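Participant: This is data.pdb (PDB, C-alpha atoms).
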ATOM      1  CA  MET Q   1      11.643  15.545   2.581
ATOM      2  CA  ALA Q   2      12.621  13.743   5.756
ATOM      3  CA  ALA Q   3      16.012  14.239   7.304
ATOM      4  CA  TYR Q   4      18.261  11.462   6.025
ATOM      5  CA  VAL Q   5      19.625  10.447   9.457
ATOM      6  CA  ARG Q   6      16.141  10.272  10.917
ATOM      7  CA  LEU Q   7      15.002   8.032   8.072
ATOM      8  CA  GLY Q   8      17.934   5.739   8.734
ATOM      9  CA  ASP Q   9      16.856   5.447  12.354
ATOM     10  CA  LEU Q  10      13.372   4.365  11.296
ATOM     11  CA  LEU Q  11      14.299   1.811   8.640
ATOM     12  CA  ASP Q  12      15.737  -1.091  10.597
ATOM     13  CA  PRO Q  13      15.056  -4.049   8.256
ATOM     14  CA  ALA Q  14      14.289  -6.323  11.212
ATOM     15  CA  HIS Q  15      11.443  -4.067  12.352
ATOM     16  CA  THR Q  16      10.205  -2.572   9.084
ATOM     17  CA  VAL Q  17       7.366  -3.791   6.862
ATOM     18  CA  LEU Q  18       6.593  -2.572   3.339
ATOM     19  CA  LEU Q  19       2.865  -2.331   2.549
ATOM     20  CA  THR Q  20       1.572  -2.121  -1.012
ATOM     21  CA  VAL Q  21      -2.010  -0.872  -1.177
ATOM     22  CA  GLU Q  22      -4.398  -2.012  -3.927
ATOM     23  CA  CYS Q  23      -1.616  -2.468  -6.496
ATOM     24  CA  GLN Q  24      -3.809  -4.967  -8.300
ATOM     25  CA  ARG Q  25      -4.579  -5.450 -11.969
ATOM     26  CA  GLY Q  26      -8.171  -4.281 -11.642
ATOM     27  CA  VAL Q  27      -7.051  -0.994 -10.081
ATOM     28  CA  VAL Q  28      -3.721  -0.056 -11.700
ATOM     29  CA  GLY Q  29      -3.545  -2.463 -14.651
ATOM     30  CA  PRO Q  30      -4.188  -1.591 -18.326
ATOM     31  CA  ASP Q  31      -7.827  -2.756 -18.079
ATOM     32  CA  ALA Q  32      -8.520  -1.194 -14.679
ATOM     33  CA  ALA Q  33     -11.906  -0.178 -13.327
ATOM     34  CA  LEU Q  34     -10.673   3.405 -12.904
ATOM     35  CA  PRO Q  35      -8.565   4.216 -15.987
ATOM     36  CA  GLU Q  36      -7.652   7.718 -14.797
ATOM     37  CA  LEU Q  37      -6.192   6.371 -11.556
ATOM     38  CA  ALA Q  38      -4.387   3.587 -13.410
ATOM     39  CA  ARG Q  39      -2.852   6.101 -15.821
ATOM     40  CA  ALA Q  40      -1.764   8.311 -12.933
ATOM     41  CA  ALA Q  41      -0.119   5.387 -11.131
ATOM     42  CA  ARG Q  42       1.815   4.426 -14.251
ATOM     43  CA  SER Q  43       2.615   7.770 -15.874
ATOM     44  CA  SER Q  44       3.806   9.290 -12.592
ATOM     45  CA  GLY Q  45       6.209   6.408 -12.085
ATOM     46  CA  ALA Q  46       4.522   5.478  -8.800
ATOM     47  CA  LEU Q  47       3.791   1.869  -9.785
ATOM     48  CA  GLY Q  48       7.329   1.383 -11.030
ATOM     49  CA  ASN Q  49       8.658   2.810  -7.791
ATOM     50  CA  VAL Q  50       6.487   0.431  -5.772
ATOM     51  CA  ALA Q  51       8.050  -2.408  -7.763
ATOM     52  CA  ARG Q  52      11.541  -1.041  -7.005
ATOM     53  CA  LEU Q  53      10.732  -0.834  -3.301
ATOM     54  CA  VAL Q  54       9.348  -4.376  -3.253
ATOM     55  CA  ASP Q  55      12.487  -5.661  -4.955
ATOM     56  CA  GLY Q  56      14.682  -3.741  -2.524
ATOM     57  CA  ALA Q  57      12.695  -5.062   0.436
ATOM     58  CA  HIS Q  58      13.132  -8.637  -0.789
ATOM     59  CA  ARG Q  59      16.884  -8.151  -1.099
ATOM     60  CA  ALA Q  60      17.179  -6.494   2.322
ATOM     61  CA  GLY Q  61      15.072  -9.041   4.178
ATOM     62  CA  VAL Q  62      12.208  -6.617   4.799
ATOM     63  CA  GLN Q  63       8.772  -8.215   5.026
ATOM     64  CA  VAL Q  64       6.312  -7.219   2.290
ATOM     65  CA  ILE Q  65       2.528  -7.228   2.694
ATOM     66  CA  HIS Q  66       0.238  -6.737  -0.303
ATOM     67  CA  ALA Q  67      -3.195  -5.354   0.650
ATOM     68  CA  ILE Q  68      -5.858  -6.307  -1.889
ATOM     69  CA  ALA Q  69      -9.448  -5.023  -2.063
ATOM     70  CA  GLU Q  70     -11.939  -7.480  -3.500
ATOM     71  CA  ARG Q  71     -15.549  -8.605  -3.345
ATOM     72  CA  ARG Q  72     -17.410 -11.869  -3.615
ATOM     73  CA  PRO Q  73     -19.494 -12.382  -6.779
ATOM     74  CA  ASP Q  74     -22.624 -12.367  -4.594
ATOM     75  CA  GLY Q  75     -21.490  -9.210  -2.784
ATOM     76  CA  ARG Q  76     -21.863 -10.747   0.678
ATOM     77  CA  GLY Q  77     -20.062  -8.740   3.339
ATOM     78  CA  ALA Q  78     -19.347  -5.809   1.034
ATOM     79  CA  SER Q  79     -19.764  -2.268   2.370
ATOM     80  CA  ARG Q  80     -22.572  -0.177   0.903
ATOM     81  CA  ASN Q  81     -22.615   2.776   3.281
ATOM     82  CA  ALA Q  82     -20.809   5.302   1.060
ATOM     83  CA  ARG Q  83     -21.138   6.662  -2.468
ATOM     84  CA  LEU Q  84     -17.785   5.111  -3.389
ATOM     85  CA  PHE Q  85     -19.005   1.579  -2.717
ATOM     86  CA  ARG Q  86     -22.236   2.057  -4.655
ATOM     87  CA  ALA Q  87     -20.333   3.572  -7.582
ATOM     88  CA  ALA Q  88     -17.926   0.624  -7.614
ATOM     89  CA  GLU Q  89     -20.839  -1.744  -8.168
ATOM     90  CA  ARG Q  90     -21.594   0.045 -11.463
ATOM     91  CA  LEU Q  91     -18.051  -0.055 -12.830
ATOM     92  CA  PRO Q  92     -17.319  -2.301 -15.835
ATOM     93  CA  VAL Q  93     -14.473  -4.072 -13.991
ATOM     94  CA  HIS Q  94     -15.245  -5.696 -10.638
ATOM     95  CA  GLN Q  95     -12.595  -6.750  -8.149
ATOM     96  CA  LEU Q  96     -13.996 -10.273  -7.817
ATOM     97  CA  SER Q  97     -12.311 -12.809  -5.561
ATOM     98  CA  GLY Q  98     -10.237 -15.263  -7.571
ATOM     99  CA  SER Q  99     -10.277 -13.161 -10.740
ATOM    100  CA  THR Q 100      -7.363 -11.652 -12.639
ATOM    101  CA  ALA Q 101      -8.421  -8.222 -11.367
ATOM    102  CA  VAL Q 102      -7.281  -9.007  -7.822
ATOM    103  CA  ARG Q 103      -3.834 -10.292  -8.748
ATOM    104  CA  VAL Q 104      -0.868  -8.056  -7.917
ATOM    105  CA  ALA Q 105      -0.086  -5.994 -10.998
ATOM    106  CA  PRO Q 106       3.193  -6.051 -12.929
ATOM    107  CA  PRO Q 107       5.899  -4.909 -12.675
ATOM    108  CA  ILE Q 108       5.554  -5.770  -8.964
ATOM    109  CA  GLU Q 109       6.860  -9.248  -8.223
ATOM    110  CA  VAL Q 110       5.371 -11.255  -5.359
ATOM    111  CA  ALA Q 111       7.867 -13.431  -3.519
ATOM    112  CA  GLU Q 112       7.046 -16.647  -1.674
ATOM    113  CA  GLU Q 113       7.678 -14.958   1.678
ATOM    114  CA  ASP Q 114       5.313 -12.057   0.947
ATOM    115  CA  LEU Q 115       1.949 -11.913   2.700
ATOM    116  CA  VAL Q 116      -1.165 -11.138   0.667
ATOM    117  CA  VAL Q 117      -4.090  -9.843   2.721
ATOM    118  CA  ARG Q 118      -7.496  -9.575   1.094
ATOM    119  CA  ARG Q 119     -10.401  -7.517   2.411
ATOM    120  CA  LEU Q 120     -14.068  -7.655   1.470
ATOM    121  CA  HIS Q 121     -15.204  -4.465   3.161
ATOM    122  CA  GLY Q 122     -14.270  -0.962   4.207
ATOM    123  CA  LEU Q 123     -11.758   1.603   3.074
ATOM    124  CA  SER Q 124      -8.659   0.788   5.099
ATOM    125  CA  PRO Q 125      -5.958  -1.805   4.427
ATOM    126  CA  LEU Q 126      -5.398  -2.055   8.212
ATOM    127  CA  HIS Q 127      -8.650  -1.603  10.104
ATOM    128  CA  GLY Q 128     -10.536  -4.869  10.506
ATOM    129  CA  THR Q 129      -8.280  -6.773   8.098
ATOM    130  CA  GLY Q 130      -5.925  -8.589  10.467
ATOM    131  CA  VAL Q 131      -2.909  -6.626   9.208
ATOM    132  CA  ASP Q 132      -2.312  -5.072  12.636
ATOM    133  CA  ALA Q 133      -1.944  -8.510  14.247
ATOM    134  CA  LEU Q 134       0.433  -9.587  11.485
ATOM    135  CA  LEU Q 135       2.555  -6.461  11.954
ATOM    136  CA  ARG Q 136       2.824  -7.046  15.699
ATOM    137  CA  ASN Q 137       3.729 -10.699  15.223
ATOM    138  CA  LEU Q 138       6.411  -9.606  12.744
ATOM    139  CA  GLY Q 139       7.889  -7.187  15.275
ATOM    140  CA  CYS Q 140       7.087  -4.203  13.084
ATOM    141  CA  HIS Q 141       7.883  -0.712  14.346
ATOM    142  CA  THR Q 142       7.868   1.116  11.004
ATOM    143  CA  LEU Q 143       5.366   0.710   8.177
ATOM    144  CA  ILE Q 144       6.279   1.933   4.679
ATOM    145  CA  VAL Q 145       3.018   2.772   2.880
ATOM    146  CA  THR Q 146       2.889   2.656  -0.936
ATOM    147  CA  GLY Q 147       0.305   2.290  -3.686
ATOM    148  CA  VAL Q 148      -3.123   3.802  -4.361
ATOM    149  CA  SER Q 149      -5.077   5.801  -3.937
ATOM    150  CA  ALA Q 150      -4.007   9.058  -2.361
ATOM    151  CA  ASN Q 151      -7.703   9.942  -2.412
ATOM    152  CA  VAL Q 152      -8.875   7.254   0.023
ATOM    153  CA  ALA Q 153      -6.897   4.132   0.933
ATOM    154  CA  ILE Q 154      -3.445   5.686   1.406
ATOM    155  CA  PRO Q 155      -4.489   8.292   3.998
ATOM    156  CA  ASN Q 156      -6.597   5.620   5.699
ATOM    157  CA  ALA Q 157      -3.552   3.357   5.953
ATOM    158  CA  VAL Q 158      -1.282   6.116   7.256
ATOM    159  CA  PHE Q 159      -3.748   7.346   9.877
ATOM    160  CA  ASP Q 160      -4.501   3.823  11.059
ATOM    161  CA  ALA Q 161      -0.796   2.982  11.282
ATOM    162  CA  VAL Q 162      -0.126   6.059  13.409
ATOM    163  CA  ASN Q 163      -3.172   5.447  15.613
ATOM    164  CA  LEU Q 164      -1.994   1.876  16.190
ATOM    165  CA  GLY Q 165       1.437   3.044  17.309
ATOM    166  CA  TYR Q 166       3.560   2.428  14.214
ATOM    167  CA  ALA Q 167       5.873   4.967  12.613
ATOM    168  CA  ALA Q 168       4.615   5.592   9.083
ATOM    169  CA  VAL Q 169       6.978   6.268   6.184
ATOM    170  CA  VAL Q 170       5.545   7.472   2.865
ATOM    171  CA  PRO Q 171       7.727   7.550  -0.264
ATOM    172  CA  ALA Q 172       5.955  10.407  -2.042
ATOM    173  CA  ASP Q 173       6.885   9.096  -5.488
ATOM    174  CA  ALA Q 174       5.410   5.655  -4.748
ATOM    175  CA  ILE Q 175       1.809   6.718  -4.155
ATOM    176  CA  ALA Q 176      -0.720   8.047  -6.655
ATOM    177  CA  GLY Q 177      -4.176   9.554  -6.814
ATOM    178  CA  VAL Q 178      -6.272  11.852  -8.971
ATOM    179  CA  PRO Q 179      -5.826  14.586  -9.842
ATOM    180  CA  ALA Q 180      -2.052  14.750  -9.481
ATOM    181  CA  ASP Q 181      -2.090  18.134  -7.770
ATOM    182  CA  TYR Q 182      -4.406  16.721  -5.109
ATOM    183  CA  THR Q 183      -1.861  14.011  -4.320
ATOM    184  CA  ALA Q 184       0.864  16.621  -3.899
ATOM    185  CA  ALA Q 185      -1.371  18.712  -1.650
ATOM    186  CA  LEU Q 186      -2.322  15.691   0.464
ATOM    187  CA  ILE Q 187       1.330  14.833   0.999
ATOM    188  CA  ARG Q 188       2.351  18.367   1.873
ATOM    189  CA  HIS Q 189      -0.578  19.436   4.018
ATOM    190  CA  THR Q 190      -1.739  16.163   5.619
ATOM    191  CA  LEU Q 191       0.573  13.164   5.411
ATOM    192  CA  ALA Q 192       3.684  15.199   6.236
ATOM    193  CA  LEU Q 193       2.077  16.061   9.589
ATOM    194  CA  VAL Q 194       1.829  12.443  10.716
ATOM    195  CA  ALA Q 195       4.328  10.445   8.630
ATOM    196  CA  THR Q 196       7.920  10.691   7.488
ATOM    197  CA  VAL Q 197       7.669  11.725   3.835
ATOM    198  CA  THR Q 198      10.598  10.651   1.700
ATOM    199  CA  THR Q 199      11.430   9.202  -1.732
ATOM    200  CA  THR Q 200      11.903   5.743  -3.180
ATOM    201  CA  GLY Q 201      15.613   6.384  -3.667
ATOM    202  CA  GLU Q 202      16.094   7.465  -0.065
ATOM    203  CA  VAL Q 203      14.309   4.392   1.266
ATOM    204  CA  LEU Q 204      16.338   2.047  -0.937
ATOM    205  CA  GLY Q 205      19.510   3.816   0.120
ATOM    206  CA  ARG Q 206      18.763   3.272   3.808
ATOM    207  CA  LEU Q 207      17.585  -0.349   3.749
ATOM    208  CA  GLY Q 208      21.182  -1.497   3.768
ATOM    209  CA  PRO Q 209      22.887  -4.531   2.183
ATOM    210  CA  PRO Q 210      20.934  -7.695   1.374
ATOM    211  CA  ARG Q 211      20.256 -10.055   4.251
ATOM    212  CA  ARG Q 212      19.590 -13.780   4.130
ATOM    213  CA  GLY Q 213      16.374 -13.530   6.115
ATOM    214  CA  ARG Q 214      14.518 -11.790   8.886
ATOM    215  CA  PRO Q 215      15.546 -12.516  12.488
ATOM    216  CA  GLN Q 216      13.082 -14.765  14.296
TER     217      GLN Q 216
END
Would you mind giving the structure from this file in structure tokens?

Facilitator:
Amino acid sequence: MAAYVRLGDLLDPAHTVLLTVECQRGVVGPDAALPELARAARSSGALGNVARLVDGAHRAGVQVIHAIAERRPDGRGASRNARLFRAAERLPVHQLSGSTAVRVAPPIEVAEEDLVVRRLHGLSPLHGTGVDALLRNLGCHTLIVTGVSANVAIPNAVFDAVNLGYAAVVPADAIAGVPADYTAALIRHTLALVATVTTTGEVLGRLGPPRRGRPQ
């Protein structure tokens, strides 16, 4: 785990953004397209920890961004250049724009000040989605990455954040993938090399007392 003092240096609420990745009903909900991933997110406690982090961010005045993956009913603009995309087209649950599947999943609560960014293509919550511009306009220095999956979108988000010049923080108990031992190996052997790996409790402990709002 990260050194506690170092984590405190990174988590200045005025310059920190919490990102939730694909924590949507059609991915981690009870009727998700990928039941194994949904079960892993819930049984591991990762989804509950994302909800705790979102609540803590709201109380501390930390901006929250929810990254949602979706597709139009006609499929226009959707990526088809990888097996994953073609397999998704055959799943019984589609992440269709405007549907219940692309709503943020309970127990995560979306506040009025949260930003919800929706993408129609690709694998990354950051690349080509406009999130980078939002982060810069928000004065972000540190991006806390949470959600699913450790197989694809989470490492994409972490690598993109680092390549764009942000410090990435990953609460290891607030991400999930399949199988569980793969997630642990990814954290230890890959994410720990480029991000500050920590826990939900440590992040909440360092965000500080509630603030009325973010400095302008």

Participant: Considering all atoms listed in the file, tabulate each residue of region 5-112 of chain Q that lies at most 6 Å from region 158-181 of chain Q along with its nearest interatomic pair and the corresponding distance in Å to one decimal; arrange the rows by chain and ascending residue number and present them as a Markdown table.

Facilitator:
| residue | atom | partner | partner_atom | distance |
| --- | --- | --- | --- | --- |
| Q:Ala41 | CA | Q:Ala176 | CA | 5.2 |
| Q:Ala46 | CA | Q:Ala174 | CA | 4.2 |
| Q:Asn49 | CA | Q:Ala174 | CA | 5.3 |
| Q:Val50 | CA | Q:Ala174 | CA | 5.4 |

Participant: Would you write out, as CSV, a table of all residues in region 20-113 of chain Q that have an atom no more than 6 Å from an atom of region 139-157 of chain Q, listing for each the closest atom pair and the distance in Å to one decimal, considering all atoms listed in the file and ordering rows by chain and rising residue number?

Facilitator:
residue,atom,partner,partner_atom,distance
Q:Thr20,CA,Q:Thr146,CA,5.0
Q:Val21,CA,Q:Gly147,CA,4.7
Q:Glu22,CA,Q:Val148,CA,6.0
Q:Cys23,CA,Q:Gly147,CA,5.9

Participant: Grab the CA of Val54 (chain Q) to CA of Leu19 (chain Q) distance for me, in Å with one decimal place.

Facilitator: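 Spanning CA of Val54 (chain Q) to CA of Leu19 (chain Q) is a straight-line distance of 8.9 Å.
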
Participant: As an exercise, work out the distance from CA of Leu120 (chain Q) to CA of Ala51 (chain Q) in Å and give it to one decimal place.

Facilitator: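 It comes out at 24.5 Å.
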
Participant: Please expand the PyMOL selection byres ((chain Q and resi 75) around 12) into the concrete residues it hits in this file, giving the result as a ChimeraX atom specification.

Facilitator: /Q:70-74,76-80,85-86,88-89,94-97,120-121

Participant: Smallest atom-to-atom distance to Val110 (chain Q): which of Q:Leu91, Q:His66, Q:Asn81, Q:Leu138, using only C-alpha atoms?

Facilitator: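 Using only C-alpha atoms, Val110 (chain Q) sits closest to Q:His66.
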
Participant: Enter the distance from CA of Arg206 (chain Q) to CA of Gly48 (chain Q), in Å, rounded to one decimal.

Facilitator: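 Here the two named atoms are 18.8 Å from each other.
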